[in-house]
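First the structure, in the form of structure tokens, and then the observations on it.
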Amino acid sequence: MPVDDVHLGESWALSPDSRRPLPELIEQKLREQIIGGALKAGDRLPTEPELARKLDVARSSLRTALQRLQLQGIVEVRRGLGWYVRRTDLMAVEENLEGRLAARQFSETDLLEVRIALETTAVSLAAVRAGDGELDELAKLNRRYQRAPVEDVREVIESDEEFHSALIRASHNELLEQMYQSLVPGLQDCKRHAHPSREVHNRSANEHEQVVWFLKRRDEVGAKSAMTTHLLGLYNDLTTDDVATRATLSTYVGVHDEPMWNRRG
């Protein structure tokens, strides 16, 4: 049955937190509704336009939050009918992979290493499969990231994530995209802790631009190496105490696979 506005009252209001991306706040609010009993298994959620209005958010942010909950098995979409609550036993949900990811039960190092593996595969596929329009969109998204004020943590994180999510979509691999999206909440935590300087922010934007440069030339190896180098920056910042065991460029890109500009000697 559909959720009753009177039953929910004013409980849809989001708690403002400029440090956290909007989809994450929406996901948390929907979880609170389920834990508190306002949403029960089998309930149909309001339509996306109605729910976006209740939460006072854009539908794109709402959809991202719903997709994350869908990956965790908490909600499901029924074609032609809308979104429904699938389960309310969130403790059981957190026992599976998606739930453990949502509950941040993996270390930042684990998340980043898997992200590097997924995203370097995605960028190689995108070099072959992405349309010219998709590559132009990546360049546009990077310009938004480059213009983001460093002190605006939410804008920096969201614009960066839009770039990387668009890159993942450009791989045209649905499973890879779903796996990546399940990592996003934990990855955003990593980024919030990084607090980049303007110098680091500019370097990151330049690295994005280099990735796009290789993609537009359909250079799979160059794009993969450039993306690996880019992602290792944050990874190295978080693993300074484990120099002996942390991954390096050669972990993901073999010497024989590296583009000429990246070789030494």
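FYI, nothing fancy with the structure tokens labels: chains A, B, ... in order, residues from 1 per chain, ligands from 1 as they appear.
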
Could you give me, as a PyMOL selection string, the residues within 12 Å of segment 131-142 of chain A, counting only C-alpha atoms and dropping anything in the same chain fewer than 6 positions from it? chain A and resi 123+125+148+156+158-172+201-218

Please compute the atom CA of Ala13 of chain A-atom CA of Glu151 of chain A distance, one decimal, in Å.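 Computed distance, atom CA of Ala13 of chain A to atom CA of Glu151 of chain A, equals 25.7 Å.
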
Shell around Trp83 of chain A at 6 Å using only C-alpha atoms, local window under 2 positions removed, as a list in words: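 Final neighbour list, sorted by chain and number: Arg44, Leu45, Glu76 and Val77 of chain A.
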
Give me the residues near segment 225-233 of chain A as a PyMOL selection string, where near means some atom within 7 Å (using only C-alpha atoms) and where sequence neighbours in that chain fewer than 2 positions away do not count. chain A and resi 116+120+204+207+210-211+221-223+235-237+249+253+258

Could you tell me which of A:Met179, A:Ile35, A:Ile26, A:Leu69 comes closest to Ala122 of chain A if we count only C-alpha atoms? A:Met179

Would you compute the distance between atom CA of Ile157 of chain A and atom CA of Gln28 of chain A? Give it in Å to one decimal.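 Result for atom CA of Ile157 of chain A versus atom CA of Gln28 of chain A: 17.9 Å, one decimal.
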
Do you have the atom CA of Ala41 of chain A-atom CA of Gly73 of chain A distance handy?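 It comes out at 11.5 Å.
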